[in-house]
Amino acid sequence: MKENKKINPHPYIERYELERIFPEEFVPKINVFTFTKGDVLFAPGETLNDMYLLVEGKIKIFTLTPEGKSLINRFKRPLGVIGDVEYVKGSSVINSVEAVSDGVMIAASFEDLKDLERNHPPFIRFLLETVAHKFYSESQASSLHMLYPVEVRLASYFLSISSDGEGTLFHQEMRTANLTELAEWVGTSYRHLNRVLKKMVSDEIIERTNGSIKIKDLEKLRNLANGNIYE
């Protein structure tokens, strides 16, 4: 992720009606960062000095189990916030964050936000709402994740990694290594994943051609995803 001084944060402030949170005199302290698909944006144990708001693109938040397997916690779209818990608790990053698409974040330093917190109550309200929502939604996701059938988890995953987040056609390489990783993401075995994929093909939800996956029936996929448990 790179800072881009050529991008003005004002359009994003206006687009998402953030003027109540960040008054005009604070906007010059906001920086703009860009990232590309596949970038690892934050890693466990990393120390943050800024709070980030996702204003374009999509990111994936995941954790490692004690066995070293990766499990998805959540996908975030605008206005996903990164660094709010770290700001409040003074802690390091807990989960890994990876870019699912190209995107943009705006950010302000913890130091500047401390000053804003003392003088601008709407920011405190925003922070309380953000942290409360995050703990609620992520605790719900964690507790319910493994209760959903693999079919639901896999359909939700496919929807979440589609290029624009709306289920557009995408291609997922079907090499064995990638399927093993995909099985880890959704918390199942490689063998069971293959059975589920075959069932989705027979139900004409997806196609498997030339070593890739393509969404065939978006409506069926959405119904199977049960509203998308990852978002």
# chains A, B, ... in the order shown; residues from 1 in each chain; ligands from 1
>>> select_by_dssp(residues="chain A", states="strand (DSSP E or B)", output="NGL selection string")
:A and (2-3 or 31-35 or 40-42 or 50-56 or 59-64 or 70-76 or 81-82 or 96-99 or 103-109 or 172-173 or 206-209 or 212-215)
>>> write_last_selection(atoms="C-alpha atoms", output="compact mmCIF listing (two decimals), in the first residue's frame")
# COMPACT_ATOMS: atom_id res chain seq x y z
CA LYS A 2 1.41 3.37 -1.02
CA GLU A 3 0.58 6.93 -0.09
CA ASN A 31 -3.75 11.11 3.64
CA VAL A 32 -4.77 8.91 0.71
CA PHE A 33 -3.33 5.44 0.12
CA THR A 34 -3.77 3.13 -2.85
CA PHE A 35 -3.34 -0.62 -3.04
CA VAL A 40 -1.02 -7.90 2.13
CA LEU A 41 -2.03 -4.64 3.78
CA PHE A 42 -1.58 -5.49 7.46
CA ASP A 50 -2.91 5.49 11.59
CA MET A 51 -6.60 4.68 11.29
CA TYR A 52 -7.75 3.74 7.78
CA LEU A 53 -11.14 4.03 6.09
CA LEU A 54 -11.73 1.95 2.99
CA VAL A 55 -13.26 4.21 0.33
CA GLU A 56 -12.75 2.09 -2.81
CA ILE A 59 -10.42 -6.27 1.50
CA LYS A 60 -10.33 -9.67 3.16
CA ILE A 61 -9.70 -10.14 6.88
CA PHE A 62 -8.55 -13.55 8.00
CA THR A 63 -6.90 -15.31 10.90
CA LEU A 64 -4.59 -18.28 11.37
CA SER A 70 -6.25 -19.66 7.31
CA LEU A 71 -9.89 -18.92 8.08
CA ILE A 72 -11.88 -15.98 6.72
CA ASN A 73 -13.28 -13.62 9.33
CA ARG A 74 -14.86 -11.03 7.07
CA PHE A 75 -14.77 -9.18 3.77
CA LYS A 76 -15.06 -5.41 3.98
CA VAL A 81 -12.46 0.78 9.10
CA ILE A 82 -9.04 -0.62 9.97
CA SER A 96 -4.22 -10.39 8.50
CA VAL A 97 -5.73 -8.02 5.94
CA GLU A 98 -5.37 -8.62 2.20
CA ALA A 99 -6.66 -6.71 -0.83
CA GLY A 103 -8.62 0.11 -3.97
CA VAL A 104 -8.15 3.28 -1.96
CA MET A 105 -8.04 4.11 1.74
CA ILE A 106 -7.97 7.44 3.51
CA ALA A 107 -6.09 7.65 6.79
CA ALA A 108 -5.30 9.93 9.70
CA SER A 109 -2.63 9.48 12.34
CA GLN A 172 -10.48 -18.96 -9.92
CA GLU A 173 -7.53 -21.13 -10.86
CA ILE A 206 -20.96 -22.75 -11.50
CA GLU A 207 -18.93 -24.08 -14.41
CA ARG A 208 -15.51 -25.70 -14.23
CA THR A 209 -13.73 -25.28 -17.54
CA SER A 212 -11.05 -22.40 -13.70
CA ILE A 213 -14.40 -21.67 -12.07
CA LYS A 214 -17.06 -19.38 -13.53
CA ILE A 215 -20.36 -18.33 -12.01
>>> select_by_dssp(residues="range 42-199 of chain A", states="helix (DSSP H, G or I)", output="ChimeraX atom specification")
/A:84-89,110-119,121-145,150-161,176-186,190-199
>>> residues_around(residues="Val186 in chain A", least_positions_apart="4", cutoff="10 Å", atoms="only C-alpha atoms", output="PyMOL selection string")
chain A and resi 70-72+145-146+149-157+181-182+193
>>> residues_around(residues="Val88 in chain A", least_positions_apart="4", cutoff="12 Å", atoms="only C-alpha atoms", output="ChimeraX atom specification")
/A:48-51,82-84,92,110,113-114,117,124,127-128,130-132
>>> atom_distance(atom1="CA of Asp217 in chain A", atom2="CA of Ile205 in chain A")
4.9 Å
>>> residues_around(residues="Tyr190 in chain A", least_positions_apart="5", cutoff="8 Å", atoms="only C-alpha atoms", output="compact mmCIF listing (two decimals) with C-alpha atoms, in the first residue's frame")
# COMPACT_ATOMS: atom_id res chain seq x y z
CA LEU A 179 -8.07 -25.90 -3.98
CA THR A 180 -6.27 -26.98 -0.82
CA ALA A 183 -10.66 -25.75 1.52
>>> closest_atom_pairs(of="range 74-147 of chain A", to="range 11-20 of chain A", cutoff="9 Å", atoms="only C-alpha atoms", output="JSON lines")
{"residue": "A:Pro78", "atom": "CA", "partner": "A:Tyr16", "partner_atom": "CA", "distance": 8.9}
{"residue": "A:Leu79", "atom": "CA", "partner": "A:Tyr16", "partner_atom": "CA", "distance": 8.0}
{"residue": "A:Ile106", "atom": "CA", "partner": "A:Tyr12", "partner_atom": "CA", "distance": 8.3}
{"residue": "A:Pro122", "atom": "CA", "partner": "A:Arg20", "partner_atom": "CA", "distance": 6.5}
{"residue": "A:Phe123", "atom": "CA", "partner": "A:Arg20", "partner_atom": "CA", "distance": 7.9}
>>> atom_distance(atom1="CA of His10 in chain A", atom2="CA of Val27 in chain A")
7.4 Å
>>> atom_distance(atom1="CA of Tyr136 in chain A", atom2="CA of Glu219 in chain A")
28.4 Å
